[in-house]
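Peer 1: Structure file model_5.pdb (PDB, C-alpha atoms and all ligand atoms) right here:
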```pdb
ATOM      1  CA  MET A   1       5.843   7.219  52.041
ATOM      2  CA  ARG A   2       7.853   4.197  53.215
ATOM      3  CA  LYS A   3       9.927   2.789  50.433
ATOM      4  CA  ARG A   4      12.044   0.216  52.239
ATOM      5  CA  LYS A   5      14.554  -1.671  50.177
ATOM      6  CA  ASN A   6      13.270  -0.911  46.739
ATOM      7  CA  LYS A   7      15.415   2.116  46.177
ATOM      8  CA  ARG A   8      18.710   0.704  47.440
ATOM      9  CA  VAL A   9      21.215   0.795  44.596
ATOM     10  CA  ALA A  10      24.783  -0.558  44.669
ATOM     11  CA  ALA A  11      27.249   0.870  42.143
ATOM     12  CA  GLY A  12      29.960  -1.607  41.225
ATOM     13  CA  ASN A  13      32.486  -2.985  38.807
ATOM     14  CA  ASN A  14      35.223  -5.529  39.428
ATOM     15  CA  LYS A  15      37.642  -2.979  37.909
ATOM     16  CA  GLY A  16      38.784   0.248  39.580
ATOM     17  CA  GLY A  17      38.675   3.725  38.082
ATOM     18  CA  THR A  18      35.529   3.178  36.035
ATOM     19  CA  GLY A  19      33.670   6.139  37.536
ATOM     20  CA  LYS A  20      31.704   4.438  40.326
ATOM     21  CA  SER A  21      32.374   7.020  43.030
ATOM     22  CA  GLY A  22      31.980   9.891  40.560
ATOM     23  CA  TRP A  23      28.604   8.540  39.534
ATOM     24  CA  VAL A  24      27.439   8.097  43.131
ATOM     25  CA  ALA A  25      28.410  11.668  44.098
ATOM     26  CA  ASN A  26      27.004  13.328  40.988
ATOM     27  CA  VAL A  27      23.834  11.298  40.685
ATOM     28  CA  ALA A  28      23.164  11.938  44.388
ATOM     29  CA  ALA A  29      23.367  15.664  43.574
ATOM     30  CA  ALA A  30      21.074  15.261  40.568
ATOM     31  CA  LEU A  31      18.551  13.319  42.653
ATOM     32  CA  ALA A  32      18.695  16.066  45.282
ATOM     33  CA  ASP A  33      18.115  18.651  42.532
ATOM     34  CA  GLU A  34      14.931  16.703  41.692
ATOM     35  CA  GLY A  35      13.790  16.978  45.306
ATOM     36  CA  CYS A  36      14.803  13.452  46.370
ATOM     37  CA  THR A  37      16.506  12.575  49.634
ATOM     38  CA  VAL A  38      19.518  10.297  49.330
ATOM     39  CA  LEU A  39      21.578   8.262  51.782
ATOM     40  CA  VAL A  40      25.057   7.495  50.451
ATOM     41  CA  VAL A  41      26.775   4.538  52.120
ATOM     42  CA  ASP A  42      30.509   4.473  51.435
ATOM     43  CA  VAL A  43      31.543   0.828  51.344
ATOM     44  CA  ASP A  44      35.050   1.453  49.984
ATOM     45  CA  PRO A  45      37.960   1.819  52.447
ATOM     46  CA  GLN A  46      39.476   4.340  49.996
ATOM     47  CA  ALA A  47      36.643   6.632  51.104
ATOM     48  CA  ASN A  48      36.726   8.633  47.871
ATOM     49  CA  VAL A  49      33.034   9.448  47.829
ATOM     50  CA  SER A  50      33.164  10.492  51.495
ATOM     51  CA  ARG A  51      35.861  13.035  50.730
ATOM     52  CA  ARG A  52      34.151  14.238  47.538
ATOM     53  CA  LEU A  53      30.919  14.745  49.463
ATOM     54  CA  GLY A  54      32.822  16.833  51.983
ATOM     55  CA  ARG A  55      33.117  14.233  54.741
ATOM     56  CA  PRO A  56      36.775  13.186  54.885
ATOM     57  CA  TYR A  57      37.812  11.284  57.994
ATOM     58  CA  ARG A  58      39.699  13.515  60.445
ATOM     59  CA  LYS A  59      41.313  12.177  63.587
ATOM     60  CA  GLU A  60      40.547  15.455  65.381
ATOM     61  CA  GLU A  61      36.822  15.096  64.634
ATOM     62  CA  PRO A  62      36.230  11.362  64.406
ATOM     63  CA  LEU A  63      32.990  10.260  62.815
ATOM     64  CA  VAL A  64      31.196   6.966  63.142
ATOM     65  CA  THR A  65      31.901   5.300  59.794
ATOM     66  CA  THR A  66      30.796   2.225  57.855
ATOM     67  CA  ALA A  67      33.624   0.375  59.619
ATOM     68  CA  GLU A  68      31.930   0.766  63.026
ATOM     69  CA  VAL A  69      28.397   0.355  61.670
ATOM     70  CA  ILE A  70      29.298  -2.986  60.079
ATOM     71  CA  LYS A  71      31.295  -4.091  63.117
ATOM     72  CA  SER A  72      28.216  -3.608  65.268
ATOM     73  CA  GLY A  73      25.901  -5.302  62.787
ATOM     74  CA  GLU A  74      22.967  -4.687  65.142
ATOM     75  CA  VAL A  75      19.545  -3.854  63.709
ATOM     76  CA  GLY A  76      19.377  -0.077  63.277
ATOM     77  CA  ALA A  77      23.076   0.549  64.033
ATOM     78  CA  ALA A  78      23.508   2.507  60.786
ATOM     79  CA  ALA A  79      21.592   5.415  62.312
ATOM     80  CA  ASP A  80      24.651   6.240  64.437
ATOM     81  CA  GLY A  81      26.792   6.820  61.342
ATOM     82  CA  ILE A  82      24.564   9.157  59.335
ATOM     83  CA  VAL A  83      25.688  12.760  58.868
ATOM     84  CA  PRO A  84      24.622  15.408  56.339
ATOM     85  CA  CYS A  85      27.070  15.632  53.441
ATOM     86  CA  GLY A  86      29.581  18.479  53.668
ATOM     87  CA  TRP A  87      28.129  20.413  50.726
ATOM     88  CA  SER A  88      25.982  23.457  51.411
ATOM     89  CA  GLY A  89      22.324  24.356  50.916
ATOM     90  CA  ILE A  90      19.819  21.811  49.693
ATOM     91  CA  TYR A  91      22.577  19.235  49.245
ATOM     92  CA  ALA A  92      23.295  19.095  52.977
ATOM     93  CA  GLU A  93      19.572  18.798  53.633
ATOM     94  CA  ARG A  94      18.897  16.102  51.078
ATOM     95  CA  ILE A  95      22.129  14.112  50.846
ATOM     96  CA  HIS A  96      23.217  12.276  53.960
ATOM     97  CA  ILE A  97      26.163   9.939  54.171
ATOM     98  CA  ILE A  98      27.606   7.140  56.230
ATOM     99  CA  PRO A  99      31.256   7.930  55.520
ATOM    100  CA  SER A 100      34.074   5.459  55.277
ATOM    101  CA  ARG A 101      37.704   5.296  56.303
ATOM    102  CA  PHE A 102      40.625   2.972  55.839
ATOM    103  CA  ASP A 103      39.682   0.915  58.926
ATOM    104  CA  LEU A 104      36.864  -0.597  56.901
ATOM    105  CA  GLU A 105      39.572  -3.009  55.657
ATOM    106  CA  ASN A 106      39.442  -4.614  59.111
ATOM    107  CA  ARG A 107      35.972  -5.980  58.426
ATOM    108  CA  ILE A 108      37.291  -8.266  55.690
ATOM    109  CA  SER A 109      39.031 -10.625  58.131
ATOM    110  CA  GLU A 110      35.670 -11.198  59.860
ATOM    111  CA  ALA A 111      34.111 -12.621  56.696
ATOM    112  CA  ALA A 112      34.171 -16.210  57.980
ATOM    113  CA  VAL A 113      32.084 -15.435  61.064
ATOM    114  CA  ILE A 114      28.509 -16.711  60.774
ATOM    115  CA  GLY A 115      26.091 -13.986  59.788
ATOM    116  CA  SER A 116      28.858 -11.555  58.847
ATOM    117  CA  ARG A 117      27.587 -10.899  55.313
ATOM    118  CA  GLY A 118      24.252  -9.609  56.588
ATOM    119  CA  ARG A 119      25.753  -7.038  58.955
ATOM    120  CA  LEU A 120      25.172  -3.944  56.818
ATOM    121  CA  ALA A 121      21.675  -5.072  55.812
ATOM    122  CA  ARG A 122      20.771  -5.521  59.480
ATOM    123  CA  ALA A 123      22.354  -2.226  60.467
ATOM    124  CA  LEU A 124      20.253  -0.407  57.852
ATOM    125  CA  GLU A 125      16.998  -2.090  58.845
ATOM    126  CA  GLY A 126      14.461   0.588  59.657
ATOM    127  CA  VAL A 127      17.069   3.327  59.161
ATOM    128  CA  ASP A 128      16.746   4.299  55.490
ATOM    129  CA  ASP A 129      13.018   3.726  54.972
ATOM    130  CA  ASP A 130      12.285   7.416  54.609
ATOM    131  CA  TYR A 131      15.030   8.235  52.096
ATOM    132  CA  ASP A 132      14.035   8.158  48.447
ATOM    133  CA  PHE A 133      17.305   6.419  47.550
ATOM    134  CA  THR A 134      20.182   4.653  49.275
ATOM    135  CA  LEU A 135      23.346   4.484  47.158
ATOM    136  CA  PHE A 136      26.201   2.123  48.021
ATOM    137  CA  ASP A 137      29.608   3.042  46.618
ATOM    138  CA  CYS A 138      31.434  -0.295  46.277
ATOM    139  CA  GLN A 139      35.137  -0.993  45.976
ATOM    140  CA  PRO A 140      36.414  -2.608  42.754
ATOM    141  CA  SER A 141      36.149  -6.114  44.172
ATOM    142  CA  LEU A 142      33.539  -8.816  44.541
ATOM    143  CA  GLY A 143      34.845  -9.702  47.998
ATOM    144  CA  HIS A 144      33.345  -9.314  51.434
ATOM    145  CA  LEU A 145      32.825  -5.539  51.497
ATOM    146  CA  THR A 146      30.966  -5.562  48.194
ATOM    147  CA  GLN A 147      28.964  -8.574  49.366
ATOM    148  CA  LEU A 148      27.933  -6.617  52.476
ATOM    149  CA  ALA A 149      26.481  -3.943  50.169
ATOM    150  CA  LEU A 150      24.879  -6.456  47.824
ATOM    151  CA  ALA A 151      23.264  -8.258  50.758
ATOM    152  CA  ALA A 152      21.522  -4.974  51.576
ATOM    153  CA  ALA A 153      20.748  -3.674  48.082
ATOM    154  CA  ARG A 154      17.773  -4.199  45.793
ATOM    155  CA  TRP A 155      19.588  -3.249  42.588
ATOM    156  CA  GLY A 156      23.110  -3.430  41.256
ATOM    157  CA  VAL A 157      24.294  -1.033  38.581
ATOM    158  CA  ALA A 158      27.679  -1.270  36.866
ATOM    159  CA  LEU A 159      29.666   1.730  35.709
ATOM    160  CA  VAL A 160      31.197   0.453  32.489
ATOM    161  CA  GLU A 161      34.258   2.105  31.032
ATOM    162  CA  PRO A 162      34.001   1.026  27.399
ATOM    163  CA  GLU A 163      37.362  -0.715  27.258
ATOM    164  CA  TYR A 164      38.058  -4.430  27.363
ATOM    165  CA  ASP A 165      38.895  -4.613  31.086
ATOM    166  CA  GLY A 166      36.096  -2.228  32.076
ATOM    167  CA  VAL A 167      33.498  -4.326  30.255
ATOM    168  CA  GLU A 168      34.888  -7.568  31.703
ATOM    169  CA  GLY A 169      34.798  -6.185  35.245
ATOM    170  CA  ALA A 170      31.173  -5.136  34.745
ATOM    171  CA  VAL A 171      30.269  -8.560  33.374
ATOM    172  CA  ARG A 172      31.809 -10.202  36.460
ATOM    173  CA  PHE A 173      29.763  -7.867  38.699
ATOM    174  CA  ARG A 174      26.596  -8.676  36.715
ATOM    175  CA  ASP A 175      27.266 -12.419  36.779
ATOM    176  CA  PHE A 176      28.001 -12.357  40.505
ATOM    177  CA  ILE A 177      24.553 -10.844  41.098
ATOM    178  CA  ALA A 178      22.842 -13.105  38.561
ATOM    179  CA  SER A 179      24.037 -16.232  40.395
ATOM    180  CA  GLU A 180      21.217 -17.595  42.525
ATOM    181  CA  VAL A 181      23.764 -19.390  44.693
ATOM    182  CA  ASN A 182      25.413 -16.044  45.492
ATOM    183  CA  ARG A 183      22.123 -14.307  46.190
ATOM    184  CA  LYS A 184      21.062 -17.134  48.507
ATOM    185  CA  GLU A 185      24.402 -16.964  50.317
ATOM    186  CA  MET A 186      23.887 -13.234  50.782
ATOM    187  CA  GLY A 187      20.339 -13.830  51.993
ATOM    188  CA  ASN A 188      19.023 -11.520  49.291
ATOM    189  CA  LEU A 189      17.166 -13.299  46.494
ATOM    190  CA  ASP A 190      15.466 -10.020  45.527
ATOM    191  CA  LEU A 191      18.731  -8.457  44.355
ATOM    192  CA  ALA A 192      18.778  -7.795  40.602
ATOM    193  CA  PHE A 193      21.225  -6.364  38.117
ATOM    194  CA  ALA A 194      19.511  -3.287  36.711
ATOM    195  CA  ALA A 195      21.853  -1.303  34.533
ATOM    196  CA  ALA A 196      25.121  -1.119  32.671
ATOM    197  CA  ILE A 197      25.988   2.570  32.588
ATOM    198  CA  PRO A 198      28.709   3.491  30.079
ATOM    199  CA  SER A 199      31.098   5.738  31.945
ATOM    200  CA  MET A 200      34.153   7.921  31.241
ATOM    201  CA  VAL A 201      33.166   7.765  27.582
ATOM    202  CA  ASP A 202      35.590   9.591  25.290
ATOM    203  CA  GLY A 203      33.942  10.373  21.960
ATOM    204  CA  ARG A 204      37.343  10.713  20.278
ATOM    205  CA  LEU A 205      38.326   7.103  20.877
ATOM    206  CA  ALA A 206      37.426   4.530  18.243
ATOM    207  CA  GLY A 207      37.872   1.801  20.862
ATOM    208  CA  HIS A 208      35.198   3.343  23.052
ATOM    209  CA  ALA A 209      32.771   3.552  20.118
ATOM    210  CA  HIS A 210      33.471  -0.098  19.353
ATOM    211  CA  HIS A 211      32.861  -1.313  22.907
ATOM    212  CA  LEU A 212      29.731   0.838  23.252
ATOM    213  CA  THR A 213      28.108  -0.957  20.330
ATOM    214  CA  SER A 214      28.808  -4.314  22.029
ATOM    215  CA  LEU A 215      27.060  -3.447  25.308
ATOM    216  CA  PRO A 216      23.405  -4.082  24.307
ATOM    217  CA  GLY A 217      24.341  -7.586  23.149
ATOM    218  CA  ILE A 218      26.120  -8.293  26.442
ATOM    219  CA  PHE A 219      23.744  -6.709  28.951
ATOM    220  CA  GLY A 220      20.447  -6.461  27.038
ATOM    221  CA  GLU A 221      19.305  -3.323  25.260
ATOM    222  CA  SER A 222      16.987  -2.060  27.999
ATOM    223  CA  ARG A 223      19.733  -2.371  30.629
ATOM    224  CA  VAL A 224      22.226  -0.129  28.859
ATOM    225  CA  TRP A 225      21.572   3.351  30.172
ATOM    226  CA  GLU A 226      22.603   6.693  28.677
ATOM    227  CA  SER A 227      26.379   7.232  28.545
ATOM    228  CA  ILE A 228      28.312   9.380  31.008
ATOM    229  CA  PRO A 229      30.999  11.228  29.026
ATOM    230  CA  ARG A 230      34.503  11.916  30.293
ATOM    231  CA  ARG A 231      34.841  15.625  31.117
ATOM    232  CA  SER A 232      37.522  17.447  33.100
ATOM    233  CA  VAL A 233      34.890  19.345  35.098
ATOM    234  CA  ILE A 234      34.069  16.074  36.900
ATOM    235  CA  LYS A 235      37.653  15.773  38.102
ATOM    236  CA  ASP A 236      37.713  19.434  39.145
ATOM    237  CA  ALA A 237      34.506  19.111  41.180
ATOM    238  CA  ALA A 238      35.861  15.894  42.735
ATOM    239  CA  ASP A 239      39.191  17.531  43.644
ATOM    240  CA  GLU A 240      37.433  20.492  45.208
ATOM    241  CA  ALA A 241      34.924  18.236  46.996
ATOM    242  CA  GLN A 242      32.149  20.444  45.650
ATOM    243  CA  PRO A 243      28.949  19.753  43.732
ATOM    244  CA  LEU A 244      28.974  20.331  39.971
ATOM    245  CA  ALA A 245      26.629  23.257  40.595
ATOM    246  CA  ASP A 246      29.603  25.150  42.077
ATOM    247  CA  GLN A 247      31.499  24.897  38.765
ATOM    248  CA  GLY A 248      29.100  27.418  37.225
ATOM    249  CA  SER A 249      28.188  27.103  33.552
ATOM    250  CA  ARG A 250      31.152  24.728  32.990
ATOM    251  CA  GLY A 251      29.172  22.125  34.889
ATOM    252  CA  ASN A 252      25.904  22.492  32.962
ATOM    253  CA  GLU A 253      26.434  19.798  30.350
ATOM    254  CA  MET A 254      27.326  17.171  32.960
ATOM    255  CA  ARG A 255      24.537  18.238  35.288
ATOM    256  CA  GLU A 256      22.123  17.440  32.438
ATOM    257  CA  VAL A 257      23.803  14.049  31.970
ATOM    258  CA  TYR A 258      23.383  13.131  35.646
ATOM    259  CA  LYS A 259      19.852  14.542  35.623
ATOM    260  CA  THR A 260      18.971  12.055  32.877
ATOM    261  CA  ALA A 261      20.375   9.254  35.047
ATOM    262  CA  ALA A 262      18.480  10.531  38.091
ATOM    263  CA  LEU A 263      15.185  10.685  36.193
ATOM    264  CA  ARG A 264      15.723   7.153  34.963
ATOM    265  CA  MET A 265      16.352   5.993  38.519
ATOM    266  CA  ILE A 266      13.191   7.686  39.720
ATOM    267  CA  LYS A 267      11.247   6.040  36.885
ATOM    268  CA  GLU A 268      12.674   2.542  37.240
ATOM    269  CA  PHE A 269      13.410   2.206  40.952
ATOM    270  CA  ALA A 270      11.182   4.450  42.998
TER
HETATM  271  N1  LIG A 301      32.690  11.292  33.832
HETATM  272  C1  LIG A 301      33.939  11.536  34.232
HETATM  273  N2  LIG A 301      34.738  12.342  33.498
HETATM  274  C2  LIG A 301      36.015  12.600  33.869
HETATM  275  N3  LIG A 301      36.583  12.122  34.973
HETATM  276  C3  LIG A 301      35.836  11.305  35.759
HETATM  277  C4  LIG A 301      34.485  10.969  35.432
HETATM  278  N4  LIG A 301      34.002  10.146  36.401
HETATM  279  C5  LIG A 301      34.999   9.977  37.291
HETATM  280  N5  LIG A 301      36.104  10.674  36.903
HETATM  281  C6  LIG A 301      37.414  10.773  37.545
HETATM  282  O1  LIG A 301      38.166   9.616  37.183
HETATM  283  C7  LIG A 301      38.846   9.071  38.312
HETATM  284  C8  LIG A 301      38.287   7.698  38.652
HETATM  285  O2  LIG A 301      36.887   7.831  38.872
HETATM  286  P1  LIG A 301      36.174   7.266  40.178
HETATM  287  O3  LIG A 301      34.782   7.787  40.158
HETATM  288  O4  LIG A 301      36.986   7.524  41.402
HETATM  289  O5  LIG A 301      36.213   5.707  39.823
HETATM  290  P2  LIG A 301      35.978   4.410  40.719
HETATM  291  O6  LIG A 301      35.142   4.805  41.899
HETATM  292  O7  LIG A 301      35.270   3.475  39.811
HETATM  293  O8  LIG A 301      37.332   3.908  41.112
HETATM  294  C9  LIG A 301      38.661  10.099  39.425
HETATM  295  O9  LIG A 301      39.718  10.998  39.368
HETATM  296  C10 LIG A 301      37.347  10.791  39.041
HETATM  297  O10 LIG A 301      37.276  12.099  39.538
HETATM  298 MG    MG A 302      35.492   4.507  43.898
END
```
Give the structure from the file, written as structure tokens.
Peer 2:
Amino acid sequence: MRKRKNKRVAAGNNKGGTGKSGWVANVAAALADEGCTVLVVDVDPQANVSRRLGRPYRKEEPLVTTAEVIKSGEVGAAADGIVPCGWSGIYAERIHIIPSRFDLENRISEAAVIGSRGRLARALEGVDDDYDFTLFDCQPSLGHLTQLALAAARWGVALVEPEYDGVEGAVRFRDFIASEVNRKEMGNLDLAFAAAIPSMVDGRLAGHAHHLTSLPGIFGESRVWESIPRRSVIKDAADEAQPLADQGSRGNEMREVYKTAALRMIKEFA
């Protein structure tokens, strides 16, 4: 089945540390557990999701990264950057990645060149049709690198830490996408904001409970997805660059959480 752009999802927030990369890595695993194939495109020069998925950049074994794929900007160029993720078993089969590295920063200075914003969209043309999902891990900015991802994506989802700054950053991401002027500039009128996903939620904090109740009024009830709680097992899996499945029974609760998100993605996007 050819699915084209419809399953391309960009995870963003104009604030850092809200759980974007954690969500991309863990929801990719949950989608793989459901039998889906996933292409992760790391569009953050910090390359956190590349490392967590077992594909850190090593000078001794250089990989083609998003930096080179975007620099080329030719139709289909993304194919040169795809590698299986570094996890074992079904994850390596079903989760592929175009990793990132710090050199991706160099693409920002090219933003004024005509056609530059469409480079990633062009590079992916015809490349990700057969994946069930393509997930873009964005940096905490609405600048050129995030615009490259949004020019290619069908949906934007915000990871919303329920604190003042986390909500504001998500609102800026949502509003950026909602602007028809921006979507025209990016050559992508089909792009839509799909979900505000409460993230890093700490049930002990009154402030979090307060901000959670405000989200349906801000984003619309149907766009507020199930919350992702804050749990230390997520940090441990991230540090070890391993899937949650490798954390044994400690990972079960969070695997269920990401499974719920994966099922919702399959229902709403596929
Ligand atoms: N649900 C979670 N529970 C606990 N820690 C998390 C969770 N999601 C992410 N983290 C951790 O919090 C930090 C910031 O999350 P990260 O996903 O890197 O955010 P972002 O990509 O938005 O900057 C990282 O150390 C990450 O491992
Ligand atoms: Mg990140």
Peer 1: Show which residues sit within 12 Å of Gly203 of chain A, as a list in words. Count only C-alpha atoms, and ignore same-chain residues fewer than 5 positions away.
Peer 2: Pro162, Pro198, His208, Ala209, His210, His211, Leu212, Ser227, Ile228, Pro229, Arg230 and Arg231 of chain A
Peer 1: Could you list, as a ChimeraX atom specification, every residue matched by the PyMOL selection byres (((chain A and resi 37) around 12) and not hetatm) in this structure?
Peer 2: /A:3,7,27-36,38-40,84-85,90-97,128-135,262,266,270
Peer 1: Could I get the residues of chain A with an atom no further than 10 Å from an atom of ligand LIG 301 (chain A), each paired with its nearest atom pair and that distance in Å to one decimal, using all atoms listed in the file, sorted by chain and residue number, as a Markdown table?
Peer 2:
```
| residue | atom | partner | partner_atom | distance |
| --- | --- | --- | --- | --- |
| A:Ala11 | CA | A:LIG301 | O7 | 8.7 |
| A:Gly12 | CA | A:LIG301 | O7 | 7.5 |
| A:Asn13 | CA | A:LIG301 | O7 | 7.1 |
| A:Asn14 | CA | A:LIG301 | O7 | 9.0 |
| A:Lys15 | CA | A:LIG301 | O7 | 7.1 |
| A:Gly16 | CA | A:LIG301 | O8 | 4.2 |
| A:Gly17 | CA | A:LIG301 | O8 | 3.3 |
| A:Thr18 | CA | A:LIG301 | O7 | 3.8 |
| A:Gly19 | CA | A:LIG301 | O3 | 3.3 |
| A:Lys20 | CA | A:LIG301 | O7 | 3.7 |
| A:Ser21 | CA | A:LIG301 | O6 | 3.7 |
| A:Gly22 | CA | A:LIG301 | O3 | 3.5 |
| A:Trp23 | CA | A:LIG301 | O3 | 6.3 |
| A:Val24 | CA | A:LIG301 | O3 | 7.9 |
| A:Ala25 | CA | A:LIG301 | O3 | 8.4 |
| A:Asn26 | CA | A:LIG301 | N4 | 9.0 |
| A:Asp44 | CA | A:LIG301 | O6 | 8.8 |
| A:Gln46 | CA | A:LIG301 | O8 | 9.1 |
| A:Ala47 | CA | A:LIG301 | O6 | 9.5 |
| A:Asn48 | CA | A:LIG301 | O4 | 6.6 |
| A:Val49 | CA | A:LIG301 | O4 | 7.8 |
| A:Arg52 | CA | A:LIG301 | O10 | 8.9 |
| A:Asp137 | CA | A:LIG301 | O6 | 7.5 |
| A:Cys138 | CA | A:LIG301 | O6 | 7.7 |
| A:Gln139 | CA | A:LIG301 | O6 | 7.1 |
| A:Pro140 | CA | A:LIG301 | O8 | 6.8 |
| A:Ala158 | CA | A:LIG301 | O7 | 9.4 |
| A:Leu159 | CA | A:LIG301 | O7 | 7.2 |
| A:Val160 | CA | A:LIG301 | O7 | 8.9 |
| A:Glu161 | CA | A:LIG301 | O7 | 8.9 |
| A:Gly166 | CA | A:LIG301 | O7 | 9.6 |
| A:Pro198 | CA | A:LIG301 | N1 | 9.5 |
| A:Ser199 | CA | A:LIG301 | N1 | 6.1 |
| A:Met200 | CA | A:LIG301 | N1 | 4.5 |
| A:Val201 | CA | A:LIG301 | N1 | 7.2 |
| A:Asp202 | CA | A:LIG301 | N2 | 8.7 |
| A:Ser227 | CA | A:LIG301 | N1 | 9.2 |
| A:Ile228 | CA | A:LIG301 | N1 | 5.5 |
| A:Pro229 | CA | A:LIG301 | N1 | 5.1 |
| A:Arg230 | CA | A:LIG301 | N2 | 3.2 |
| A:Arg231 | CA | A:LIG301 | N2 | 4.1 |
| A:Ser232 | CA | A:LIG301 | C2 | 5.1 |
| A:Val233 | CA | A:LIG301 | C2 | 6.9 |
| A:Ile234 | CA | A:LIG301 | C2 | 5.0 |
| A:Lys235 | CA | A:LIG301 | O10 | 4.0 |
| A:Asp236 | CA | A:LIG301 | O10 | 7.4 |
| A:Ala237 | CA | A:LIG301 | O10 | 7.7 |
| A:Ala238 | CA | A:LIG301 | O10 | 5.2 |
| A:Asp239 | CA | A:LIG301 | O10 | 7.1 |
| A:Ala241 | CA | A:LIG301 | O10 | 9.9 |
| A:Met254 | CA | A:LIG301 | N1 | 8.0 |
| A:Val257 | CA | A:LIG301 | N1 | 9.5 |
| A:Tyr258 | CA | A:LIG301 | N1 | 9.7 |
```
Peer 1: Can you list, as a tab-separated table (two decimals) with C-alpha atoms, in the frame of the given file, every protein, DNA or RNA residue that comes within 8 Å of Arg122 of chain A when you count all atoms listed in the file, leaving out same-chain residues fewer than 4 positions away?
Peer 2:
```tsv
chain	number	residue	atom	x	y	z
A	73	GLY	CA	25.90	-5.30	62.79
A	74	GLU	CA	22.97	-4.69	65.14
A	75	VAL	CA	19.55	-3.85	63.71
A	76	GLY	CA	19.38	-0.08	63.28
A	77	ALA	CA	23.08	0.55	64.03
A	118	GLY	CA	24.25	-9.61	56.59
A	152	ALA	CA	21.52	-4.97	51.58
```
Peer 1: Tell me which of A:Gly86, A:Gly207, A:Gly187, A:Pro45 sits closest to ligand MG 302 (chain A), counting only C-alpha atoms and all ligand atoms.
Peer 2: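 Counting only C-alpha atoms and all ligand atoms, the residue closest to ligand MG 302 (chain A) is A:Pro45.
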Peer 1: Find the distance between atom CA of Glu180 of chain A and atom CA of Leu142 of chain A and write it in Å to one decimal.
Peer 2: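 Separating atom CA of Glu180 of chain A from atom CA of Leu142 of chain A is a distance of 15.3 Å.
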Peer 1: Using only C-alpha atoms, pick whichever of A:Ala112, A:Leu189, A:Ile70, A:Ala206 has the shortest atom-to-atom distance to Ala153 of chain A.
Peer 2: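 Of A:Ala112, A:Leu189, A:Ile70, A:Ala206, the one nearest Ala153 of chain A is A:Leu189, counting only C-alpha atoms.
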Peer 1: Taking only C-alpha atoms into account, which of A:Ser88, A:Asp42, A:Arg183, A:Asp80 comes nearest Asp246 of chain A?
Peer 2: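 Nearest to Asp246 of chain A: A:Ser88.
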Peer 1: What does the distance from atom CA of Ile218 of chain A to atom CA of Glu253 of chain A come to in Å, to one decimal?
Peer 2: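 Distance reported for this atom pair: 28.4 Å.
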Peer 1: List as an MDAnalysis selection string the protein and nucleic acid residues near Trp87 of chain A, meaning an atom at most 8 Å away when all atoms listed in the file are counted, but skip any in the same chain fewer than 5 places from it.
Peer 2: chainID A and resid 53:54 92 242:243
Peer 1: Taking the point (14.4, -3.4, 30.7) as given in the file, collect each protein or nucleic acid residue that comes within 12 Å of it, counting all atoms listed in the file, and present the set as a PyMOL selection string.
Peer 2: chain A and resi 192-196+216+219-225+264+267-269
Peer 1: Measuring between all atoms listed in the file, which one of A:Gly156, A:Phe136, A:Arg55, A:Val69 shows the shortest distance to ligand MG 302 (chain A)?
Peer 2: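 Of all the options, A:Phe136 lies closest to ligand MG 302 (chain A).
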Peer 1: Using only C-alpha atoms, can you tell me which of A:Gln247, A:Val157, A:Tyr164, A:Thr66 comes closest to Ala261 of chain A?
Peer 2: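 Among the listed residues, the smallest separation from Ala261 of chain A belongs to A:Val157.
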